[in-house]
file coords15.pdb (PDB, C-alpha atoms)
ATOM      1  CA  MET A   1     -30.601   6.310   2.300
ATOM      2  CA  ARG A   2     -33.459   8.629   1.339
ATOM      3  CA  PRO A   3     -36.255   7.235  -0.907
ATOM      4  CA  GLU A   4     -35.361   9.672  -3.698
ATOM      5  CA  ASP A   5     -31.717   8.570  -3.491
ATOM      6  CA  ARG A   6     -32.718   4.910  -3.672
ATOM      7  CA  GLU A   7     -34.830   5.622  -6.741
ATOM      8  CA  ARG A   8     -32.008   7.530  -8.425
ATOM      9  CA  LEU A   9     -29.563   4.742  -7.610
ATOM     10  CA  GLN A  10     -31.868   2.179  -9.229
ATOM     11  CA  GLN A  11     -32.033   4.293 -12.382
ATOM     12  CA  LEU A  12     -28.270   4.735 -12.548
ATOM     13  CA  ALA A  13     -27.636   1.060 -11.837
ATOM     14  CA  ALA A  14     -29.656  -0.058 -14.858
ATOM     15  CA  GLY A  15     -26.574   0.107 -17.081
ATOM     16  CA  LEU A  16     -24.247  -1.788 -14.764
ATOM     17  CA  PRO A  17     -22.910  -5.213 -15.779
ATOM     18  CA  PRO A  18     -24.122  -8.232 -13.761
ATOM     19  CA  ASN A  19     -22.243  -9.705 -10.805
ATOM     20  CA  ILE A  20     -20.816  -6.480  -9.389
ATOM     21  CA  ARG A  21     -18.470  -7.152  -6.470
ATOM     22  CA  LEU A  22     -18.081  -4.675  -3.633
ATOM     23  CA  ARG A  23     -16.052  -5.119  -0.467
ATOM     24  CA  LEU A  24     -17.408  -3.708   2.783
ATOM     25  CA  THR A  25     -14.929  -3.463   5.653
ATOM     26  CA  LEU A  26     -16.434  -2.857   9.078
ATOM     27  CA  THR A  27     -14.494  -1.833  12.173
ATOM     28  CA  ARG A  28     -15.211  -0.856  15.766
ATOM     29  CA  HIS A  29     -15.855   2.701  14.582
ATOM     30  CA  ASP A  30     -19.235   4.195  15.527
ATOM     31  CA  LEU A  31     -20.200   4.610  11.856
ATOM     32  CA  SER A  32     -19.814   0.945  10.947
ATOM     33  CA  ASP A  33     -23.531   0.334  11.457
ATOM     34  CA  ARG A  34     -24.348   3.077   8.929
ATOM     35  CA  PHE A  35     -21.946   1.563   6.406
ATOM     36  CA  GLN A  36     -23.476  -1.870   6.903
ATOM     37  CA  ALA A  37     -26.991  -0.490   6.357
ATOM     38  CA  TYR A  38     -25.803   1.419   3.285
ATOM     39  CA  GLY A  39     -24.274  -1.750   1.851
ATOM     40  CA  ARG A  40     -27.545  -3.642   2.274
ATOM     41  CA  GLN A  41     -29.466  -0.845   0.570
ATOM     42  CA  LEU A  42     -27.002  -0.959  -2.333
ATOM     43  CA  GLN A  43     -27.631  -4.681  -2.699
ATOM     44  CA  GLU A  44     -31.384  -4.101  -2.770
ATOM     45  CA  ALA A  45     -31.139  -1.270  -5.316
ATOM     46  CA  VAL A  46     -28.576  -3.008  -7.551
ATOM     47  CA  PRO A  47     -29.671  -6.640  -8.067
ATOM     48  CA  GLY A  48     -26.807  -9.089  -8.472
ATOM     49  CA  THR A  49     -24.368  -7.100  -6.330
ATOM     50  CA  GLU A  50     -22.060  -9.362  -4.330
ATOM     51  CA  LEU A  51     -21.266  -7.593  -1.072
ATOM     52  CA  ILE A  52     -18.234  -9.132   0.614
ATOM     53  CA  THR A  53     -18.249  -8.082   4.264
ATOM     54  CA  VAL A  54     -15.027  -8.161   6.287
ATOM     55  CA  MET A  55     -14.577  -7.362   9.974
ATOM     56  CA  GLU A  56     -11.485  -5.546  11.247
ATOM     57  CA  SER A  57     -10.653  -5.374  14.947
ATOM     58  CA  ASP A  58      -9.339  -1.803  14.980
ATOM     59  CA  GLY A  59     -11.279   1.410  15.479
ATOM     60  CA  GLY A  60     -10.373   3.005  12.163
ATOM     61  CA  PRO A  61     -12.947   4.261   9.673
ATOM     62  CA  PRO A  62     -15.050   1.653   7.804
ATOM     63  CA  TRP A  63     -15.075   1.662   4.007
ATOM     64  CA  LEU A  64     -16.505   0.364   0.758
ATOM     65  CA  GLU A  65     -14.031  -0.740  -1.917
ATOM     66  CA  THR A  66     -14.466  -1.599  -5.589
ATOM     67  CA  GLU A  67     -12.507  -4.144  -7.584
ATOM     68  CA  ALA A  68     -10.613  -1.270  -9.215
ATOM     69  CA  GLY A  69      -9.035  -0.352  -5.873
ATOM     70  CA  ILE A  70     -11.248   2.665  -5.183
ATOM     71  CA  ARG A  71     -11.954   2.926  -1.469
ATOM     72  CA  PHE A  72     -14.814   5.033  -0.160
ATOM     73  CA  HIS A  73     -14.612   6.283   3.412
ATOM     74  CA  ALA A  74     -17.847   7.916   2.384
ATOM     75  CA  LEU A  75     -21.519   7.123   1.805
ATOM     76  CA  PRO A  76     -22.181   8.683  -1.619
ATOM     77  CA  GLU A  77     -25.616  10.201  -2.076
ATOM     78  CA  GLY A  78     -27.315  12.586  -4.482
ATOM     79  CA  ASP A  79     -24.949  13.837  -7.197
ATOM     80  CA  LYS A  80     -22.134  11.660  -5.848
ATOM     81  CA  PHE A  81     -24.007   8.465  -6.750
ATOM     82  CA  ASP A  82     -22.716   8.934 -10.287
ATOM     83  CA  SER A  83     -19.123   8.518  -9.135
ATOM     84  CA  LEU A  84     -19.906   5.448  -7.067
ATOM     85  CA  LEU A  85     -21.573   3.821 -10.056
ATOM     86  CA  ASP A  86     -18.699   4.944 -12.303
ATOM     87  CA  ALA A  87     -16.322   3.215  -9.904
ATOM     88  CA  LEU A  88     -18.296  -0.024 -10.283
ATOM     89  CA  ARG A  89     -18.377   0.027 -14.086
ATOM     90  CA  PRO A  90     -15.620  -1.463 -16.272
ATOM     91  CA  PRO A  91     -12.968   1.078 -17.394
ATOM     92  CA  GLY A  92     -14.140   3.426 -20.127
ATOM     93  CA  GLU A  93     -17.886   3.043 -19.624
ATOM     94  CA  GLY A  94     -19.297   6.472 -18.828
ATOM     95  CA  ASP A  95     -15.976   7.718 -17.455
ATOM     96  CA  ALA A  96     -14.799  11.306 -17.502
ATOM     97  CA  PRO A  97     -12.584  11.934 -20.557
ATOM     98  CA  ILE A  98      -8.863  11.241 -20.187
ATOM     99  CA  LYS A  99      -6.334  12.894 -22.485
ATOM    100  CA  GLU A 100      -3.764  10.778 -24.304
ATOM    101  CA  ALA A 101      -0.903  12.505 -22.479
ATOM    102  CA  GLN A 102      -2.554  11.622 -19.180
ATOM    103  CA  ARG A 103      -2.811   7.978 -20.225
ATOM    104  CA  GLU A 104       0.911   8.028 -20.955
ATOM    105  CA  TRP A 105       1.676   9.447 -17.513
ATOM    106  CA  LEU A 106      -0.495   6.763 -15.907
ATOM    107  CA  GLY A 107       1.412   4.054 -17.757
ATOM    108  CA  GLN A 108       4.752   5.308 -16.421
ATOM    109  CA  ILE A 109       3.982   5.169 -12.685
ATOM    110  CA  PRO A 110       6.733   2.834 -11.373
ATOM    111  CA  LEU A 111       5.004   1.429  -8.274
ATOM    112  CA  PRO A 112       1.410   1.305  -7.066
ATOM    113  CA  VAL A 113       0.593   4.522  -5.246
ATOM    114  CA  GLU A 114      -2.354   5.686  -3.180
ATOM    115  CA  ILE A 115      -3.844   9.157  -3.390
ATOM    116  CA  GLN A 116      -6.454  10.561  -1.041
ATOM    117  CA  LEU A 117      -9.319  12.754  -2.190
ATOM    118  CA  TYR A 118     -11.129  14.688   0.528
ATOM    119  CA  ILE A 119     -14.707  15.712  -0.211
ATOM    120  CA  ALA A 120     -17.696  17.078   1.716
ATOM    121  CA  PRO A 121     -21.481  16.836   1.226
ATOM    122  CA  ALA A 122     -22.145  20.510   0.424
ATOM    123  CA  CYS A 123     -19.078  21.012  -1.788
ATOM    124  CA  PRO A 124     -20.156  22.103  -5.320
ATOM    125  CA  PHE A 125     -16.793  21.199  -6.895
ATOM    126  CA  CYS A 126     -16.344  17.782  -5.304
ATOM    127  CA  PRO A 127     -18.500  15.722  -7.718
ATOM    128  CA  ALA A 128     -16.422  16.780 -10.746
ATOM    129  CA  ALA A 129     -13.134  16.091  -8.948
ATOM    130  CA  LEU A 130     -14.445  12.740  -7.754
ATOM    131  CA  GLN A 131     -15.575  11.757 -11.244
ATOM    132  CA  GLN A 132     -12.197  12.759 -12.730
ATOM    133  CA  TRP A 133     -10.082  10.794 -10.264
ATOM    134  CA  VAL A 134     -12.345   7.749 -10.363
ATOM    135  CA  ALA A 135     -11.814   7.616 -14.140
ATOM    136  CA  LEU A 136      -8.043   8.067 -13.792
ATOM    137  CA  THR A 137      -7.815   5.346 -11.155
ATOM    138  CA  LYS A 138      -9.723   2.867 -13.287
ATOM    139  CA  THR A 139      -7.376   3.611 -16.200
ATOM    140  CA  GLY A 140      -4.102   3.640 -14.245
ATOM    141  CA  ARG A 141      -3.106   0.131 -13.200
ATOM    142  CA  GLN A 142      -0.767   1.460 -10.506
ATOM    143  CA  LEU A 143      -3.136   4.049  -9.044
ATOM    144  CA  ARG A 144      -5.203   3.578  -5.865
ATOM    145  CA  LEU A 145      -7.811   6.119  -4.769
ATOM    146  CA  ARG A 146      -9.093   6.667  -1.246
ATOM    147  CA  VAL A 147     -12.143   8.943  -1.050
ATOM    148  CA  ILE A 148     -12.649  10.495   2.386
ATOM    149  CA  ASP A 149     -15.766  12.413   3.371
ATOM    150  CA  GLY A 150     -14.413  15.071   5.728
ATOM    151  CA  GLY A 151     -17.916  15.758   7.010
ATOM    152  CA  LEU A 152     -18.436  12.111   7.895
ATOM    153  CA  PHE A 153     -14.942  11.657   9.336
ATOM    154  CA  PRO A 154     -13.879  15.088  10.640
ATOM    155  CA  GLU A 155     -11.212  13.498  12.826
ATOM    156  CA  ILE A 156      -9.313  12.304   9.728
ATOM    157  CA  ALA A 157      -9.586  15.719   8.106
ATOM    158  CA  ARG A 158      -8.254  17.392  11.260
ATOM    159  CA  GLU A 159      -5.426  14.901  11.605
ATOM    160  CA  ASN A 160      -4.293  15.646   8.044
ATOM    161  CA  ASN A 161      -4.896  19.408   8.329
ATOM    162  CA  ILE A 162      -7.463  19.536   5.529
ATOM    163  CA  GLN A 163      -8.644  23.157   5.271
ATOM    164  CA  ALA A 164     -10.734  22.998   2.079
ATOM    165  CA  VAL A 165     -12.392  20.556  -0.304
ATOM    166  CA  PRO A 166     -11.823  19.055  -2.710
ATOM    167  CA  THR A 167      -8.235  18.383  -1.649
ATOM    168  CA  LEU A 168      -6.038  15.697  -3.200
ATOM    169  CA  VAL A 169      -3.179  14.379  -1.040
ATOM    170  CA  LEU A 170      -0.245  12.403  -2.412
ATOM    171  CA  GLU A 171       2.185  12.825   0.459
ATOM    172  CA  PRO A 172       1.970  15.083   3.521
ATOM    173  CA  HIS A 173       3.878  17.815   1.681
ATOM    174  CA  LEU A 174       2.174  17.253  -1.689
ATOM    175  CA  ARG A 175      -1.465  18.345  -1.854
ATOM    176  CA  TRP A 176      -3.725  20.275  -4.191
ATOM    177  CA  SER A 177      -7.037  21.990  -3.397
ATOM    178  CA  GLY A 178      -9.831  23.460  -5.483
ATOM    179  CA  ARG A 179      -9.163  23.026  -9.206
ATOM    180  CA  ILE A 180      -6.772  20.085  -9.025
ATOM    181  CA  PRO A 181      -4.152  20.212 -11.835
ATOM    182  CA  VAL A 182      -4.336  16.672 -13.191
ATOM    183  CA  ASN A 183      -1.157  16.832 -15.303
ATOM    184  CA  ALA A 184       0.919  18.229 -12.437
ATOM    185  CA  VAL A 185      -0.289  15.487 -10.101
ATOM    186  CA  LEU A 186       0.415  12.737 -12.638
ATOM    187  CA  GLU A 187       3.913  14.112 -13.235
ATOM    188  CA  GLN A 188       4.593  13.912  -9.503
ATOM    189  CA  LEU A 189       3.314  10.331  -9.437
ATOM    190  CA  VAL A 190       5.795   9.387 -12.161
ATOM    191  CA  THR A 191       8.846  11.368 -11.037
ATOM    192  CA  ARG A 192       8.604  11.045  -7.249
ATOM    193  CA  ASP A 193      11.364   9.097  -5.512
ATOM    194  CA  PRO A 194       9.904   5.720  -4.470
ATOM    195  CA  GLY A 195      12.649   5.555  -1.853
ATOM    196  CA  ARG A 196      10.620   8.050   0.156
ATOM    197  CA  LEU A 197       7.810   5.559   0.688
ATOM    198  CA  GLY A 198       7.018   5.198   4.381
ATOM    199  CA  SER A 199       7.129   1.803   6.068
ATOM    200  CA  GLU A 200       3.313   1.550   6.147
ATOM    201  CA  ALA A 201       3.042   2.246   2.411
ATOM    202  CA  LEU A 202       5.838  -0.206   1.602
ATOM    203  CA  ASP A 203       4.277  -2.887   3.779
ATOM    204  CA  GLY A 204       0.951  -2.273   2.037
ATOM    205  CA  LEU A 205       2.507  -2.932  -1.373
ATOM    206  CA  ILE A 206       4.112  -6.137  -0.141
ATOM    207  CA  LYS A 207       0.817  -7.336   1.353
ATOM    208  CA  GLU A 208      -0.803  -6.766  -2.048
ATOM    209  CA  GLY A 209       1.528  -9.464  -3.391
ATOM    210  CA  LEU A 210       3.915  -6.965  -4.977
ATOM    211  CA  ALA A 211       7.133  -8.000  -3.217
ATOM    212  CA  GLY A 212       8.725  -8.689  -6.607
ATOM    213  CA  GLN A 213       7.865  -5.228  -7.896
ATOM    214  CA  VAL A 214       9.205  -3.619  -4.723
ATOM    215  CA  ALA A 215      12.462  -5.564  -5.051
ATOM    216  CA  GLN A 216      12.778  -4.645  -8.727
ATOM    217  CA  ALA A 217      12.152  -0.974  -7.951
ATOM    218  CA  MET A 218      15.045  -1.002  -5.477
ATOM    219  CA  MET A 219      17.318  -2.708  -7.998
ATOM    220  CA  ASP A 220      16.306  -0.191 -10.662
ATOM    221  CA  GLN A 221      17.074   2.675  -8.269
ATOM    222  CA  GLY A 222      20.351   1.094  -7.191
ATOM    223  CA  HIS A 223      19.724   1.471  -3.455
ATOM    224  CA  LEU A 224      17.579  -0.015  -0.704
ATOM    225  CA  PHE A 225      14.590   2.039   0.399
ATOM    226  CA  PRO A 226      15.116   3.134   4.036
ATOM    227  CA  SER A 227      11.704   1.787   5.057
ATOM    228  CA  ILE A 228      12.777  -1.789   4.322
ATOM    229  CA  PHE A 229      15.026  -1.717   7.394
ATOM    230  CA  ASP A 230      12.046  -0.854   9.607
ATOM    231  CA  LEU A 231      10.017  -3.716   8.138
ATOM    232  CA  LEU A 232      12.853  -6.237   8.588
ATOM    233  CA  THR A 233      13.095  -5.355  12.287
ATOM    234  CA  HIS A 234       9.354  -4.948  12.893
ATOM    235  CA  PRO A 235       8.018  -6.767  15.985
ATOM    236  CA  LYS A 236       5.216  -8.444  13.974
ATOM    237  CA  TRP A 237       6.220 -11.619  12.164
ATOM    238  CA  PRO A 238       3.974 -11.179   9.057
ATOM    239  CA  VAL A 239       5.507  -7.746   8.429
ATOM    240  CA  ARG A 240       9.058  -9.115   8.718
ATOM    241  CA  LEU A 241       8.184 -12.068   6.492
ATOM    242  CA  GLY A 242       7.074  -9.845   3.615
ATOM    243  CA  ALA A 243      10.226  -7.736   3.871
ATOM    244  CA  MET A 244      12.360 -10.893   3.973
ATOM    245  CA  VAL A 245      10.817 -12.056   0.700
ATOM    246  CA  VAL A 246      11.857  -8.730  -0.849
ATOM    247  CA  MET A 247      15.424  -9.128   0.408
ATOM    248  CA  GLU A 248      15.614 -12.752  -0.779
ATOM    249  CA  THR A 249      14.648 -11.579  -4.264
ATOM    250  CA  ILE A 250      17.297  -8.860  -4.241
ATOM    251  CA  ALA A 251      19.979 -11.203  -2.841
ATOM    252  CA  ALA A 252      19.340 -13.683  -5.665
ATOM    253  CA  SER A 253      19.735 -11.054  -8.406
ATOM    254  CA  ASP A 254      21.921  -8.303  -6.947
ATOM    255  CA  PRO A 255      24.091  -9.520  -4.017
ATOM    256  CA  GLY A 256      25.987  -6.236  -3.903
ATOM    257  CA  LEU A 257      22.797  -4.297  -3.296
ATOM    258  CA  ALA A 258      21.568  -6.854  -0.758
ATOM    259  CA  ALA A 259      24.779  -6.391   1.222
ATOM    260  CA  GLU A 260      23.719  -2.791   1.966
ATOM    261  CA  VAL A 261      21.261  -4.151   4.520
ATOM    262  CA  VAL A 262      23.969  -5.704   6.700
ATOM    263  CA  PRO A 263      25.504  -2.700   8.524
ATOM    264  CA  VAL A 264      22.060  -1.282   9.328
ATOM    265  CA  LEU A 265      20.798  -4.577  10.722
ATOM    266  CA  ARG A 266      24.013  -5.024  12.711
ATOM    267  CA  ARG A 267      23.566  -1.606  14.353
ATOM    268  CA  ARG A 268      20.011  -2.459  15.353
ATOM    269  CA  TYR A 269      20.673  -6.052  16.374
ATOM    270  CA  ASP A 270      21.414  -5.601  20.091
ATOM    271  CA  ARG A 271      18.128  -3.733  20.683
ATOM    272  CA  LEU A 272      15.928  -6.432  19.138
ATOM    273  CA  GLU A 273      13.857  -9.173  20.716
ATOM    274  CA  ASP A 274      15.172 -12.714  20.239
ATOM    275  CA  ALA A 275      12.427 -13.636  17.738
ATOM    276  CA  VAL A 276      13.391 -10.665  15.593
ATOM    277  CA  LYS A 277      17.109 -11.400  15.978
ATOM    278  CA  GLY A 278      16.676 -14.824  14.402
ATOM    279  CA  ASP A 279      15.112 -13.326  11.266
ATOM    280  CA  VAL A 280      17.740 -10.584  11.088
ATOM    281  CA  LEU A 281      20.493 -13.197  11.256
ATOM    282  CA  TYR A 282      18.820 -15.090   8.415
ATOM    283  CA  ILE A 283      18.844 -11.980   6.220
ATOM    284  CA  ILE A 284      22.498 -11.310   7.091
ATOM    285  CA  GLY A 285      23.267 -14.825   5.912
ATOM    286  CA  GLU A 286      21.269 -14.340   2.708
ATOM    287  CA  ALA A 287      23.138 -11.090   2.029
ATOM    288  CA  GLY A 288      26.348 -13.133   2.153
ATOM    289  CA  ASP A 289      28.691 -10.509   3.584
ATOM    290  CA  HIS A 290      31.816 -12.432   4.674
ATOM    291  CA  ARG A 291      32.813  -9.602   7.016
ATOM    292  CA  MET A 292      29.984 -10.663   9.317
ATOM    293  CA  ALA A 293      31.491 -14.115   9.935
ATOM    294  CA  PRO A 294      33.197 -13.182  13.235
ATOM    295  CA  PHE A 295      29.977 -11.617  14.523
ATOM    296  CA  LEU A 296      27.962 -14.692  13.570
ATOM    297  CA  GLU A 297      30.495 -17.029  15.174
ATOM    298  CA  ASP A 298      30.295 -15.020  18.392
ATOM    299  CA  VAL A 299      26.479 -15.085  18.438
ATOM    300  CA  ALA A 300      26.436 -18.815  17.695
ATOM    301  CA  THR A 301      28.627 -19.568  20.738
ATOM    302  CA  THR A 302      27.494 -16.951  23.280
ATOM    303  CA  SER A 303      23.763 -16.359  22.797
ATOM    304  CA  GLY A 304      21.613 -17.717  25.579
ATOM    305  CA  ASN A 305      18.769 -18.445  23.158
ATOM    306  CA  ALA A 306      19.006 -21.773  21.327
ATOM    307  CA  GLU A 307      17.006 -20.565  18.319
ATOM    308  CA  VAL A 308      19.193 -17.480  17.943
ATOM    309  CA  CYS A 309      22.317 -19.686  18.133
ATOM    310  CA  GLN A 310      20.902 -21.936  15.417
ATOM    311  CA  ALA A 311      19.995 -18.936  13.222
ATOM    312  CA  ALA A 312      23.560 -17.630  13.551
ATOM    313  CA  GLN A 313      24.997 -21.018  12.630
ATOM    314  CA  GLU A 314      22.749 -21.277   9.578
ATOM    315  CA  ALA A 315      23.635 -17.736   8.492
ATOM    316  CA  LEU A 316      27.323 -18.528   8.840
ATOM    317  CA  ALA A 317      26.867 -21.711   6.799
ATOM    318  CA  SER A 318      25.084 -19.711   4.112
ATOM    319  CA  ILE A 319      27.997 -17.288   3.875
ATOM    320  CA  GLN A 320      30.560 -20.108   3.887
ATOM    321  CA  GLN A 321      28.720 -21.814   1.046
ATOM    322  CA  ARG A 322      29.166 -18.718  -1.091
ATOM    323  CA  TYR A 323      32.919 -18.881  -0.561
ATOM    324  CA  GLY A 324      33.609 -22.533  -1.134
ATOM    325  CA  GLY A 325      33.335 -23.631   2.485
ATOM    326  CA  ARG A 326      35.281 -20.712   3.961
ATOM    327  CA  SER A 327      33.792 -18.049   6.183
ATOM    328  CA  TRP A 328      35.658 -15.401   4.163
ATOM    329  CA  PRO A 329      36.829 -15.174   0.542
ATOM    330  CA  PRO A 330      40.349 -16.321  -0.323
ATOM    331  CA  ALA A 331      42.992 -13.596  -0.383
ATOM    332  CA  GLU A 332      43.503 -12.006  -3.776
ATOM    333  CA  GLY A 333      46.717 -12.364  -5.719
TER     334      GLY A 333
END

call {"tool": "encode", "arguments": {"input": "coords15.pdb", "output": "structure tokens"}}
result
Amino acid sequence: MRPEDRERLQQLAAGLPPNIRLRLTLTRHDLSDRFQAYGRQLQEAVPGTELITVMESDGGPPWLETEAGIRFHALPEGDKFDSLLDALRPPGEGDAPIKEAQREWLGQIPLPVEIQLYIAPACPFCPAALQQWVALTKTGRQLRLRVIDGGLFPEIARENNIQAVPTLVLEPHLRWSGRIPVNAVLEQLVTRDPGRLGSEALDGLIKEGLAGQVAQAMMDQGHLFPSIFDLLTHPKWPVRLGAMVVMETIAASDPGLAAEVVPVLRRRYDRLEDAVKGDVLYIIGEAGDHRMAPFLEDVATTSGNAEVCQAAQEALASIQQRYGGRSWPPAEG
């Protein structure tokens, strides 16, 4: 950080509240050392800053993140210091103006959503765009902002085919460059189909502790999001666990909707590892589809894995419990 930047940062930081918290995530990326040094300089320039440093084992880009959910894959300097300090202030203090209609749009976003804003050091329009979307993110409870310096991380810009800055990316096919139309973006955030969320985005929401909101969104939509099937059959146990919590919530409130998971899991079952099979059988039992009783009985008696056999037996017992001790409902009439 240049001496003039440090001096400017100290001036701007004078109006910040005490006990600012900032999360610094370091990785195996080559720029992690620069981010660590930048974080220390921030602490020196802004007394009382609590810098929480976390180490990640992957080689992805390091970042700084504020309590408002604004993530900087960037090292703001010069005229971009204002936006960093804005991100650290409580909502409303020194923020760019937000129209009432925009506040209404922000309040209608159904699920937390991340947007990516690409900037570059020499871009004359980036500071204004950055200031605008920092203010919107602090106001919108469901909005997450990831700021990416394409000059600092050109590999990310290339991977996402960023041709100009500033560019705002919502989904691969939804992006705006130059003068970003705020109202149009907010409308997309409200009206987009949450069922199109990818498995990584859905898993991210669940890891934020929002499994209940994800389950409710599916019940409100009246269908299961396709990505939930990928999470339920994911090889990593923590990922499956989060998705199972979502399905347990749906099964308790909307058994008919929960039953939609069964045919998909049955089609995938034979290709799964035994550890994954046990969890899939549990979800089949929670869904309570009596038509799966013969399949479960077969697995319970023929599987060569004792834990899979036990999972099938427990799933069958769960279904039987729903039908008064039978493995299928009594005949009608």

call {"tool": "closest_residue", "arguments": {"input": "coords15.pdb", "among": "A:Met55, A:Ala287, A:Leu24, A:Val308", "to": "Ala252 (chain A)", "atoms": "only C-alpha atoms"}}
result
A:Ala287

call {"tool": "resolve_selection", "arguments": {"input": "coords15.pdb", "expression": "the PyMOL selection byres ((chain A and resi 193) around 12)", "output": "count of residues only"}}
result
23

call {"tool": "closest_atom_pairs", "arguments": {"input": "coords15.pdb", "of": "region 171-263 of chain A", "to": "region 139-163 of chain A", "cutoff": "10 Å", "atoms": "only C-alpha atoms", "output": "Markdown table"}}
result
| residue | atom | partner | partner_atom | distance |
| --- | --- | --- | --- | --- |
| A:Pro172 | CA | A:Asn160 | CA | 7.7 |
| A:Arg175 | CA | A:Ile162 | CA | 9.6 |
| A:Ser177 | CA | A:Gln163 | CA | 8.9 |
| A:Leu189 | CA | A:Leu143 | CA | 9.0 |

call {"tool": "residues_around", "arguments": {"input": "coords15.pdb", "residues": "region 85-101 of chain A", "least_positions_apart": "3", "cutoff": "6 Å", "atoms": "all atoms listed in the file", "output": "ChimeraX atom specification"}}
result
/A:82,104,132,135,138

call {"tool": "closest_residue", "arguments": {"input": "coords15.pdb", "among": "A:Thr249, A:Phe72, A:Ile52, A:Pro235", "to": "Leu210 (chain A)", "atoms": "all atoms listed in the file"}}
result
A:Thr249

call {"tool": "atom_distance", "arguments": {"input": "coords15.pdb", "atom1": "CA of Glu208 (chain A)", "atom2": "CA of Val245 (chain A)"}}
result
13.1 Å

call {"tool": "atom_distance", "arguments": {"input": "coords15.pdb", "atom1": "CA of Gln43 (chain A)", "atom2": "CA of Thr27 (chain A)"}}
result
20.0 Å

call {"tool": "residues_around", "arguments": {"input": "coords15.pdb", "residues": "region 312-317 of chain A", "least_positions_apart": "3", "cutoff": "10 Å", "atoms": "only C-alpha atoms", "output": "number ranges by chain"}}
result
A: 277-290, 292-301, 303, 306-309, 320-323, 325-327

call {"tool": "atom_distance", "arguments": {"input": "coords15.pdb", "atom1": "CA of Trp63 (chain A)", "atom2": "CA of Glu44 (chain A)"}}
result
18.6 Å

call {"tool": "closest_residue", "arguments": {"input": "coords15.pdb", "among": "A:Ala120, A:Ile319, A:Val214, A:Leu9", "to": "Ile250 (chain A)", "atoms": "all atoms listed in the file"}}
result
A:Val214

call {"tool": "closest_residue", "arguments": {"input": "coords15.pdb", "among": "A:Ala129, A:Leu22, A:Lys236, A:Val261", "to": "Val182 (chain A)", "atoms": "all atoms listed in the file"}}
result
A:Ala129

call {"tool": "decode", "arguments": {"input": "coords15.pdb", "residues": "region 22-34 of chain A", "atoms": "N, CA and C atoms", "output": "PDB file, in the first residue's frame"}}
result
ATOM      1  N   LEU A  22     -13.509  -7.824   9.912  1.00  0.00           N
ATOM      2  CA  LEU A  22     -13.207  -8.106   8.514  1.00  0.00           C
ATOM      3  C   LEU A  22     -12.602  -9.501   8.447  1.00  0.00           C
ATOM      4  N   ARG A  23     -13.107 -10.305   7.535  1.00  0.00           N
ATOM      5  CA  ARG A  23     -12.618 -11.671   7.384  1.00  0.00           C
ATOM      6  C   ARG A  23     -11.631 -11.735   6.216  1.00  0.00           C
ATOM      7  N   LEU A  24     -10.470 -12.300   6.472  1.00  0.00           N
ATOM      8  CA  LEU A  24      -9.458 -12.472   5.444  1.00  0.00           C
ATOM      9  C   LEU A  24      -9.268 -13.970   5.214  1.00  0.00           C
ATOM     10  N   THR A  25      -9.559 -14.414   3.997  1.00  0.00           N
ATOM     11  CA  THR A  25      -9.407 -15.827   3.658  1.00  0.00           C
ATOM     12  C   THR A  25      -8.205 -15.985   2.735  1.00  0.00           C
ATOM     13  N   LEU A  26      -7.228 -16.737   3.197  1.00  0.00           N
ATOM     14  CA  LEU A  26      -6.013 -16.988   2.436  1.00  0.00           C
ATOM     15  C   LEU A  26      -6.046 -18.393   1.852  1.00  0.00           C
ATOM     16  N   THR A  27      -5.448 -18.554   0.696  1.00  0.00           N
ATOM     17  CA  THR A  27      -5.416 -19.846   0.015  1.00  0.00           C
ATOM     18  C   THR A  27      -3.986 -20.132  -0.427  1.00  0.00           C
ATOM     19  N   ARG A  28      -3.827 -21.137  -1.269  1.00  0.00           N
ATOM     20  CA  ARG A  28      -2.502 -21.448  -1.808  1.00  0.00           C
ATOM     21  C   ARG A  28      -2.184 -20.602  -3.043  1.00  0.00           C
ATOM     22  N   HIS A  29      -3.060 -19.662  -3.360  1.00  0.00           N
ATOM     23  CA  HIS A  29      -2.837 -18.787  -4.506  1.00  0.00           C
ATOM     24  C   HIS A  29      -1.616 -17.901  -4.271  1.00  0.00           C
ATOM     25  N   ASP A  30      -0.919 -17.558  -5.361  1.00  0.00           N
ATOM     26  CA  ASP A  30       0.305 -16.759  -5.258  1.00  0.00           C
ATOM     27  C   ASP A  30       0.078 -15.382  -4.633  1.00  0.00           C
ATOM     28  N   LEU A  31      -1.149 -14.854  -4.734  1.00  0.00           N
ATOM     29  CA  LEU A  31      -1.415 -13.509  -4.228  1.00  0.00           C
ATOM     30  C   LEU A  31      -1.828 -13.481  -2.760  1.00  0.00           C
ATOM     31  N   SER A  32      -1.854 -14.615  -2.112  1.00  0.00           N
ATOM     32  CA  SER A  32      -2.277 -14.636  -0.708  1.00  0.00           C
ATOM     33  C   SER A  32      -1.368 -13.785   0.173  1.00  0.00           C
ATOM     34  N   ASP A  33      -0.070 -13.784  -0.119  1.00  0.00           N
ATOM     35  CA  ASP A  33       0.846 -12.975   0.685  1.00  0.00           C
ATOM     36  C   ASP A  33       0.503 -11.489   0.573  1.00  0.00           C
ATOM     37  N   ARG A  34       0.139 -11.037  -0.623  1.00  0.00           N
ATOM     38  CA  ARG A  34      -0.246  -9.632  -0.805  1.00  0.00           C
ATOM     39  C   ARG A  34      -1.520  -9.314  -0.026  1.00  0.00           C
TER      40      ARG A  34
END
